[in-house]
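Trainee: Contents of final_11.pdb (PDB, C-alpha atoms):
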```pdb
ATOM      1  CA  MET A   1      10.530  24.836  -4.798  1.00  0.00           C
ATOM      2  CA  GLU A   2       8.669  27.335  -2.633  1.00  0.00           C
ATOM      3  CA  GLN A   3       8.965  26.717   1.084  1.00  0.00           C
ATOM      4  CA  THR A   4       7.954  28.644   4.189  1.00  0.00           C
ATOM      5  CA  LYS A   5       7.485  27.679   7.819  1.00  0.00           C
ATOM      6  CA  ASN A   6       3.935  26.526   7.104  1.00  0.00           C
ATOM      7  CA  SER A   7       3.991  25.454   3.472  1.00  0.00           C
ATOM      8  CA  ILE A   8       5.872  23.626   0.730  1.00  0.00           C
ATOM      9  CA  SER A   9       5.123  23.625  -2.983  1.00  0.00           C
ATOM     10  CA  ILE A  10       7.411  21.549  -5.186  1.00  0.00           C
ATOM     11  CA  ASP A  11       8.467  22.471  -8.715  1.00  0.00           C
ATOM     12  CA  TYR A  12       5.979  20.575 -10.828  1.00  0.00           C
ATOM     13  CA  PHE A  13       5.739  20.357 -14.596  1.00  0.00           C
ATOM     14  CA  GLN A  14       3.333  21.534 -17.245  1.00  0.00           C
ATOM     15  CA  ILE A  15       2.470  19.947 -20.568  1.00  0.00           C
ATOM     16  CA  GLU A  16       1.237  22.412 -23.161  1.00  0.00           C
ATOM     17  CA  GLU A  17       0.008  24.693 -20.363  1.00  0.00           C
ATOM     18  CA  THR A  18      -1.754  21.824 -18.556  1.00  0.00           C
ATOM     19  CA  PRO A  19      -0.735  21.262 -14.901  1.00  0.00           C
ATOM     20  CA  GLY A  20       0.872  17.814 -15.037  1.00  0.00           C
ATOM     21  CA  GLY A  21      -0.285  14.871 -17.126  1.00  0.00           C
ATOM     22  CA  ASN A  22      -3.745  13.550 -17.846  1.00  0.00           C
ATOM     23  CA  GLN A  23      -4.817   9.903 -17.985  1.00  0.00           C
ATOM     24  CA  ASP A  24      -7.601  10.881 -20.397  1.00  0.00           C
ATOM     25  CA  TRP A  25      -4.939  11.542 -23.050  1.00  0.00           C
ATOM     26  CA  CYS A  26      -3.989   7.859 -23.189  1.00  0.00           C
ATOM     27  CA  THR A  27      -4.946   6.207 -26.457  1.00  0.00           C
ATOM     28  CA  ASP A  28      -4.243   2.659 -25.265  1.00  0.00           C
ATOM     29  CA  PHE A  29      -7.521   1.238 -23.913  1.00  0.00           C
ATOM     30  CA  TRP A  30      -6.037  -0.322 -20.781  1.00  0.00           C
ATOM     31  CA  MET A  31      -3.929   2.722 -19.942  1.00  0.00           C
ATOM     32  CA  TYR A  32      -6.954   4.959 -20.387  1.00  0.00           C
ATOM     33  CA  LEU A  33      -8.964   2.682 -18.125  1.00  0.00           C
ATOM     34  CA  GLY A  34      -6.422   1.844 -15.431  1.00  0.00           C
ATOM     35  CA  GLY A  35      -3.027   3.369 -16.133  1.00  0.00           C
ATOM     36  CA  CYS A  36      -2.893   5.701 -13.132  1.00  0.00           C
ATOM     37  CA  GLY A  37      -0.148   3.703 -11.371  1.00  0.00           C
ATOM     38  CA  ALA A  38       2.103   3.821 -14.412  1.00  0.00           C
ATOM     39  CA  LEU A  39       1.381   7.522 -14.868  1.00  0.00           C
ATOM     40  CA  ALA A  40       2.313   8.206 -11.240  1.00  0.00           C
ATOM     41  CA  ALA A  41       5.719   6.688 -12.006  1.00  0.00           C
ATOM     42  CA  CYS A  42       5.950   8.757 -15.212  1.00  0.00           C
ATOM     43  CA  ASP A  43       5.145  11.934 -13.297  1.00  0.00           C
ATOM     44  CA  THR A  44       7.771  11.180 -10.666  1.00  0.00           C
ATOM     45  CA  SER A  45      10.302  10.371 -13.389  1.00  0.00           C
ATOM     46  CA  ILE A  46       9.636  13.701 -15.073  1.00  0.00           C
ATOM     47  CA  CYS A  47      10.240  15.464 -11.760  1.00  0.00           C
ATOM     48  CA  LEU A  48      13.448  13.478 -11.217  1.00  0.00           C
ATOM     49  CA  ALA A  49      14.663  14.756 -14.574  1.00  0.00           C
ATOM     50  CA  LYS A  50      13.415  18.296 -13.992  1.00  0.00           C
ATOM     51  CA  ASN A  51      14.181  18.858 -10.312  1.00  0.00           C
ATOM     52  CA  TRP A  52      17.085  16.504  -9.645  1.00  0.00           C
ATOM     53  CA  ASN A  53      18.622  16.741 -13.135  1.00  0.00           C
ATOM     54  CA  ILE A  54      18.587  12.967 -13.654  1.00  0.00           C
ATOM     55  CA  LYS A  55      17.801  13.160 -17.347  1.00  0.00           C
ATOM     56  CA  GLU A  56      17.898   9.391 -17.972  1.00  0.00           C
ATOM     57  CA  CYS A  57      14.653   8.993 -16.018  1.00  0.00           C
ATOM     58  CA  CYS A  58      12.586  10.467 -18.844  1.00  0.00           C
ATOM     59  CA  PRO A  59      13.165   9.822 -22.562  1.00  0.00           C
ATOM     60  CA  PHE A  60      11.983  13.308 -23.542  1.00  0.00           C
ATOM     61  CA  ASP A  61      12.843  16.950 -22.869  1.00  0.00           C
ATOM     62  CA  VAL A  62      10.941  17.649 -19.666  1.00  0.00           C
ATOM     63  CA  GLU A  63      11.114  21.398 -20.210  1.00  0.00           C
ATOM     64  CA  ASP A  64       9.181  21.144 -23.469  1.00  0.00           C
ATOM     65  CA  LEU A  65       7.053  18.030 -23.079  1.00  0.00           C
ATOM     66  CA  THR A  66       4.124  17.491 -25.451  1.00  0.00           C
ATOM     67  CA  ARG A  67       0.943  15.502 -24.889  1.00  0.00           C
ATOM     68  CA  LYS A  68       2.038  12.968 -27.495  1.00  0.00           C
ATOM     69  CA  GLN A  69       5.380  12.473 -25.772  1.00  0.00           C
ATOM     70  CA  TYR A  70       3.647  12.031 -22.424  1.00  0.00           C
ATOM     71  CA  VAL A  71       1.400   9.351 -23.911  1.00  0.00           C
ATOM     72  CA  ASP A  72       4.436   7.713 -25.534  1.00  0.00           C
ATOM     73  CA  PHE A  73       6.182   7.757 -22.158  1.00  0.00           C
ATOM     74  CA  SER A  74       3.171   6.054 -20.569  1.00  0.00           C
ATOM     75  CA  MET A  75       3.606   3.181 -23.006  1.00  0.00           C
ATOM     76  CA  VAL A  76       7.279   2.905 -22.031  1.00  0.00           C
ATOM     77  CA  MET A  77       6.203   2.587 -18.394  1.00  0.00           C
ATOM     78  CA  LYS A  78       3.292   0.232 -19.085  1.00  0.00           C
ATOM     79  CA  PRO A  79       5.319  -3.057 -19.012  1.00  0.00           C
ATOM     80  CA  TYR A  80       6.627  -2.177 -15.545  1.00  0.00           C
ATOM     81  CA  LEU A  81       3.273  -1.158 -14.043  1.00  0.00           C
ATOM     82  CA  HIS A  82       0.731  -2.626 -16.398  1.00  0.00           C
ATOM     83  CA  PRO A  83      -2.989  -2.284 -15.674  1.00  0.00           C
ATOM     84  CA  ARG A  84      -4.456  -5.467 -14.240  1.00  0.00           C
ATOM     85  CA  ILE A  85      -7.589  -6.882 -12.651  1.00  0.00           C
ATOM     86  CA  GLY A  86      -7.833  -5.255  -9.244  1.00  0.00           C
ATOM     87  CA  GLY A  87      -5.389  -2.554 -10.272  1.00  0.00           C
ATOM     88  CA  ILE A  88      -2.046  -1.676  -8.732  1.00  0.00           C
ATOM     89  CA  SER A  89      -3.666  -1.927  -5.332  1.00  0.00           C
ATOM     90  CA  LYS A  90      -0.579  -2.215  -3.124  1.00  0.00           C
ATOM     91  CA  ILE A  91       2.281   0.182  -2.526  1.00  0.00           C
ATOM     92  CA  SER A  92       4.723  -2.727  -2.889  1.00  0.00           C
ATOM     93  CA  ILE A  93       3.540  -3.459  -6.450  1.00  0.00           C
ATOM     94  CA  TYR A  94       4.173   0.160  -7.362  1.00  0.00           C
ATOM     95  CA  THR A  95       7.625   0.459  -5.795  1.00  0.00           C
ATOM     96  CA  GLU A  96       8.745  -2.867  -7.259  1.00  0.00           C
ATOM     97  CA  GLY A  97       7.647  -1.979 -10.782  1.00  0.00           C
ATOM     98  CA  PHE A  98       8.925   1.585 -10.668  1.00  0.00           C
ATOM     99  CA  GLY A  99      12.178   0.380  -9.135  1.00  0.00           C
ATOM    100  CA  LYS A 100      12.689  -2.005 -12.075  1.00  0.00           C
ATOM    101  CA  TYR A 101      12.112   0.829 -14.534  1.00  0.00           C
ATOM    102  CA  LEU A 102      14.716   3.018 -12.839  1.00  0.00           C
ATOM    103  CA  LYS A 103      17.156   0.106 -12.613  1.00  0.00           C
ATOM    104  CA  ASP A 104      16.864  -0.392 -16.364  1.00  0.00           C
ATOM    105  CA  ARG A 105      17.813   3.296 -16.696  1.00  0.00           C
ATOM    106  CA  GLY A 106      20.927   2.617 -14.648  1.00  0.00           C
ATOM    107  CA  TYR A 107      19.802   3.731 -11.205  1.00  0.00           C
ATOM    108  CA  ASP A 108      19.234   2.163  -7.807  1.00  0.00           C
ATOM    109  CA  VAL A 109      16.457   3.754  -5.790  1.00  0.00           C
ATOM    110  CA  ILE A 110      15.357   3.755  -2.170  1.00  0.00           C
ATOM    111  CA  PHE A 111      11.686   4.439  -1.519  1.00  0.00           C
ATOM    112  CA  ASP A 112      10.048   5.687   1.630  1.00  0.00           C
ATOM    113  CA  VAL A 113       6.529   4.358   2.133  1.00  0.00           C
ATOM    114  CA  CYS A 114       3.682   5.209   4.462  1.00  0.00           C
ATOM    115  CA  SER A 115       0.947   2.632   4.844  1.00  0.00           C
ATOM    116  CA  GLY A 116      -2.634   3.848   4.843  1.00  0.00           C
ATOM    117  CA  GLU A 117      -3.003   2.201   8.250  1.00  0.00           C
ATOM    118  CA  GLU A 118      -0.627   4.724   9.842  1.00  0.00           C
ATOM    119  CA  THR A 119      -2.082   7.511  11.946  1.00  0.00           C
ATOM    120  CA  TYR A 120      -2.857  10.885  10.450  1.00  0.00           C
ATOM    121  CA  GLU A 121      -0.018  12.433  12.472  1.00  0.00           C
ATOM    122  CA  VAL A 122       2.519   9.966  11.054  1.00  0.00           C
ATOM    123  CA  ALA A 123       1.184  10.540   7.544  1.00  0.00           C
ATOM    124  CA  CYS A 124       1.495  14.320   7.962  1.00  0.00           C
ATOM    125  CA  GLU A 125       5.119  14.053   9.001  1.00  0.00           C
ATOM    126  CA  PHE A 126       5.822  11.702   6.104  1.00  0.00           C
ATOM    127  CA  ALA A 127       4.258  14.102   3.597  1.00  0.00           C
ATOM    128  CA  LYS A 128       6.151  17.138   4.888  1.00  0.00           C
ATOM    129  CA  ASN A 129       9.513  15.339   4.920  1.00  0.00           C
ATOM    130  CA  SER A 130       8.993  13.856   1.460  1.00  0.00           C
ATOM    131  CA  LEU A 131       7.933  17.107  -0.185  1.00  0.00           C
ATOM    132  CA  ALA A 132      11.013  18.816   1.238  1.00  0.00           C
ATOM    133  CA  ASN A 133      12.992  16.763  -1.307  1.00  0.00           C
ATOM    134  CA  ASN A 134      11.275  18.664  -4.152  1.00  0.00           C
ATOM    135  CA  LEU A 135       9.664  15.512  -5.519  1.00  0.00           C
ATOM    136  CA  PRO A 136       5.975  14.560  -5.597  1.00  0.00           C
ATOM    137  CA  ILE A 137       4.428  11.862  -3.447  1.00  0.00           C
ATOM    138  CA  SER A 138       2.604   9.029  -5.186  1.00  0.00           C
ATOM    139  CA  PHE A 139      -0.676   8.560  -3.314  1.00  0.00           C
ATOM    140  CA  LEU A 140      -2.888   5.476  -3.600  1.00  0.00           C
ATOM    141  CA  LEU A 141      -6.496   5.854  -2.496  1.00  0.00           C
ATOM    142  CA  LEU A 142      -8.578   2.679  -2.540  1.00  0.00           C
ATOM    143  CA  ARG A 143     -11.995   3.578  -1.164  1.00  0.00           C
ATOM    144  CA  HIS A 144     -13.284   6.602   0.703  1.00  0.00           C
ATOM    145  CA  ARG A 145     -16.572   6.963   2.533  1.00  0.00           C
ATOM    146  CA  ASN A 146     -16.862  10.641   1.639  1.00  0.00           C
ATOM    147  CA  LYS A 147     -18.681  10.902  -1.680  1.00  0.00           C
ATOM    148  CA  LYS A 148     -16.990  14.238  -2.387  1.00  0.00           C
ATOM    149  CA  LEU A 149     -13.809  12.245  -3.049  1.00  0.00           C
ATOM    150  CA  LYS A 150     -15.420   9.596  -5.247  1.00  0.00           C
ATOM    151  CA  ASP A 151     -13.309  10.648  -8.262  1.00  0.00           C
ATOM    152  CA  LEU A 152     -10.201   9.575  -6.343  1.00  0.00           C
ATOM    153  CA  ASN A 153     -11.437   6.091  -5.504  1.00  0.00           C
ATOM    154  CA  TRP A 154      -9.124   3.277  -6.652  1.00  0.00           C
ATOM    155  CA  HIS A 155      -6.720   5.842  -8.046  1.00  0.00           C
ATOM    156  CA  TRP A 156      -3.080   6.904  -7.952  1.00  0.00           C
ATOM    157  CA  PHE A 157      -2.416  10.657  -7.935  1.00  0.00           C
ATOM    158  CA  MET A 158       0.367  13.055  -7.001  1.00  0.00           C
ATOM    159  CA  ILE A 159       0.728  15.100  -3.806  1.00  0.00           C
ATOM    160  CA  THR A 160       2.718  18.200  -4.757  1.00  0.00           C
ATOM    161  CA  GLY A 161       2.473  20.549  -1.786  1.00  0.00           C
ATOM    162  CA  TYR A 162       0.930  21.405   1.545  1.00  0.00           C
ATOM    163  CA  CYS A 163       0.056  24.446   3.591  1.00  0.00           C
ATOM    164  CA  ILE A 164      -1.468  25.103   6.988  1.00  0.00           C
ATOM    165  CA  LYS A 165      -4.731  27.041   6.864  1.00  0.00           C
ATOM    166  CA  ASN A 166      -6.728  27.774  10.004  1.00  0.00           C
ATOM    167  CA  GLU A 167      -4.823  24.992  11.808  1.00  0.00           C
ATOM    168  CA  SER A 168      -5.725  22.464   9.105  1.00  0.00           C
ATOM    169  CA  VAL A 169      -3.172  20.847   6.808  1.00  0.00           C
ATOM    170  CA  MET A 170      -4.262  21.280   3.215  1.00  0.00           C
ATOM    171  CA  VAL A 171      -2.472  19.282   0.526  1.00  0.00           C
ATOM    172  CA  LYS A 172      -2.174  20.197  -3.122  1.00  0.00           C
ATOM    173  CA  TYR A 173      -2.559  17.352  -5.572  1.00  0.00           C
ATOM    174  CA  HIS A 174      -2.377  16.827  -9.319  1.00  0.00           C
ATOM    175  CA  THR A 175      -4.452  14.385 -11.337  1.00  0.00           C
ATOM    176  CA  TYR A 176      -6.251  14.388 -14.692  1.00  0.00           C
ATOM    177  CA  GLY A 177      -4.447  17.549 -15.744  1.00  0.00           C
ATOM    178  CA  LYS A 178      -5.730  19.603 -12.807  1.00  0.00           C
ATOM    179  CA  GLU A 179      -4.272  21.060  -9.627  1.00  0.00           C
ATOM    180  CA  GLN A 180      -6.592  20.795  -6.635  1.00  0.00           C
ATOM    181  CA  GLU A 181      -6.531  21.093  -2.848  1.00  0.00           C
ATOM    182  CA  VAL A 182      -8.031  18.975  -0.079  1.00  0.00           C
ATOM    183  CA  ASP A 183      -7.921  18.760   3.706  1.00  0.00           C
ATOM    184  CA  PHE A 184      -5.316  16.095   4.375  1.00  0.00           C
ATOM    185  CA  LYS A 185      -7.068  14.765   7.470  1.00  0.00           C
ATOM    186  CA  LEU A 186     -10.210  14.187   5.413  1.00  0.00           C
ATOM    187  CA  LEU A 187      -8.221  12.541   2.631  1.00  0.00           C
ATOM    188  CA  TRP A 188      -6.241  10.275   4.953  1.00  0.00           C
ATOM    189  CA  ASN A 189      -9.054   9.092   7.198  1.00  0.00           C
ATOM    190  CA  THR A 190     -10.957   7.115   4.578  1.00  0.00           C
ATOM    191  CA  GLY A 191     -13.230   5.286   7.010  1.00  0.00           C
ATOM    192  CA  MET A 192     -12.616   2.046   5.117  1.00  0.00           C
ATOM    193  CA  TYR A 193     -10.937  -1.210   6.154  1.00  0.00           C
ATOM    194  CA  ARG A 194      -8.669  -1.487   3.101  1.00  0.00           C
ATOM    195  CA  ARG A 195      -6.379   1.457   2.651  1.00  0.00           C
ATOM    196  CA  GLY A 196      -3.698   2.524   0.234  1.00  0.00           C
ATOM    197  CA  GLY A 197      -0.882   4.810   1.292  1.00  0.00           C
ATOM    198  CA  MET A 198       2.003   6.889  -0.020  1.00  0.00           C
ATOM    199  CA  ALA A 199       5.363   6.314  -1.667  1.00  0.00           C
ATOM    200  CA  SER A 200       8.178   8.756  -2.283  1.00  0.00           C
ATOM    201  CA  ILE A 201      11.801   8.584  -3.354  1.00  0.00           C
ATOM    202  CA  ARG A 202      14.327   9.090  -0.593  1.00  0.00           C
ATOM    203  CA  GLU A 203      17.494   8.417  -2.579  1.00  0.00           C
ATOM    204  CA  ILE A 204      18.515   7.515  -6.097  1.00  0.00           C
ATOM    205  CA  LYS A 205      22.039   6.838  -7.253  1.00  0.00           C
ATOM    206  CA  ARG A 206      23.830   5.724 -10.365  1.00  0.00           C
ATOM    207  CA  GLU A 207      24.376   1.983 -10.566  1.00  0.00           C
ATOM    208  CA  TYR A 208      27.944   1.206 -11.572  1.00  0.00           C
ATOM    209  CA  ALA A 209      28.912  -2.079 -13.139  1.00  0.00           C
ATOM    210  CA  ALA A 210      31.584  -4.066 -11.293  1.00  0.00           C
TER     211      ALA A 210
END
```
Show this structure as structure tokens.
Mentor:
Amino acid sequence: MEQTKNSISIDYFQIEETPGGNQDWCTDFWMYLGGCGALAACDTSICLAKNWNIKECCPFDVEDLTRKQYVDFSMVMKPYLHPRIGGISKISIYTEGFGKYLKDRGYDVIFDVCSGEETYEVACEFAKNSLANNLPISFLLLRHRNKKLKDLNWHWFMITGYCIKNESVMVKYHTYGKEQEVDFKLLWNTGMYRRGGMASIREIKREYAA
């Protein structure tokens, strides 16, 4: 992880020289159409294995992950966060499903969440604190008035870093096999009534049988 006074960039993963995973690789029709929530959990699981050395979170070698293995992993995650009418449109649906996946791998997890109704200042603090743990933030965007962000509508993607540029907080995000950057204030202030939010892992520990 790279960290300075004004920036954080977590250790993210590559798949065959592609920055992160790509929903377009999915061969299952429903995952291709609406599997972004499941893939957000896959991406976080890969980072748990890579950055926190919790290898059970991902069934493959995260240091040499192939596209096929990533797609196979998405199908492992699908029963926990399966695409549905309306999508995984609440943070609680995501944390519940992802929590069940991790529990089946033998781990109890505590999530931190930030509702989309929180102020920009609260969201900024949440993002900075979460990224300091060297894990990505799962971000749910429902609708945004700015047409420049139309590709992120009704979509889960990963926040992987931030930096302060000219007094603006810019966040780095990964989705569809690309790394991009956006002004966080613009991203957060959607201008819409229904909002998504963010989820990150605060703590994960091995579950021991009594």
Trainee: Nearest residue to Val182 in chain A out of A:His82, A:Lys148, A:Arg143, A:Arg67, using only C-alpha atoms?
Mentor: A:Lys148
Trainee: Please expand the PyMOL selection byres ((chain A and resi 180) around 12) into the concrete residues it hits in this file, giving the result as JSON, numbers by chain.
Mentor: {"A": [19, 20, 149, 152, 157, 158, 159, 160, 161, 162, 170, 171, 172, 173, 174, 175, 176, 177, 178, 179, 181, 182, 183]}
Trainee: Between CA of Phe98 in chain A and CA of Glu16 in chain A, what distance in Å does the model show, to one decimal?
Mentor: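 Calculated distance between CA of Phe98 in chain A and CA of Glu16 in chain A is 25.5 Å.
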Trainee: For the PyMOL selection byres ((chain A and resi 99) around 12), applied here, can you spell out every residue it catches as a PyMOL selection string?
Mentor: chain A and resi 38+41+44-45+57+77+80-81+91-98+100-111+199-201+203-205
Trainee: In terms of the shortest atom-to-atom distance over all atoms listed in the file, which of A:Leu141, A:Val76, A:Val113, A:Ile54 is closest to Asn129 in chain A?
Mentor: A:Val113
Trainee: For the file shown, what are the residues hit by the PyMOL selection byres ((chain A and resi 144) around 10), laid out as number ranges by chain?
Mentor: A: 141-143, 145-154, 186-195
Trainee: What's the separation between CA of Lys185 in chain A and CA of Leu39 in chain A, in Å to one decimal place?
Mentor: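 Going from CA of Lys185 in chain A over to CA of Leu39 in chain A, I get 25.0 Å.
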Trainee: Calculated over all atoms listed in the file, which of the candidates A:Lys55, A:Lys78, A:Lys90, A:Lys5 has the smallest distance to Tyr32 in chain A?
Mentor: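 Closest residue, counting all atoms listed in the file: A:Lys78.
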Trainee: For each of A:Arg202, A:Arg84, A:Lys68, A:Lys128, take the minimum atom-to-atom distance to Asn22 in chain A, counting only C-alpha atoms, then give the residue where this is smallest.
Mentor: A:Lys68
Trainee: Pick from A:Trp30, A:Thr18, A:Lys165, A:Gly37: nearest to Ile88 in chain A, with all atoms listed in the file counted?
Mentor: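 Looking only at the distances to Ile88 in chain A, the closest residue turns out to be A:Gly37.
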Trainee: As an exercise, work out the distance from CA of Ile164 in chain A to CA of Glu17 in chain A in Å and give it to one decimal place.
Mentor: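 Between CA of Ile164 in chain A and CA of Glu17 in chain A the gap is 27.4 Å.
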Trainee: Assuming 8 Å of padding per side, give the centre and edge lengths of the axis-aligned box around every listed atom of range 109-121 of chain A, in Å to one decimal and as lines of an AutoDock Vina configuration file.
Mentor:
```
center_x = 6.7
center_y = 7.3
center_z = 3.3
size_x = 35.5
size_y = 26.2
size_z = 34.3
```
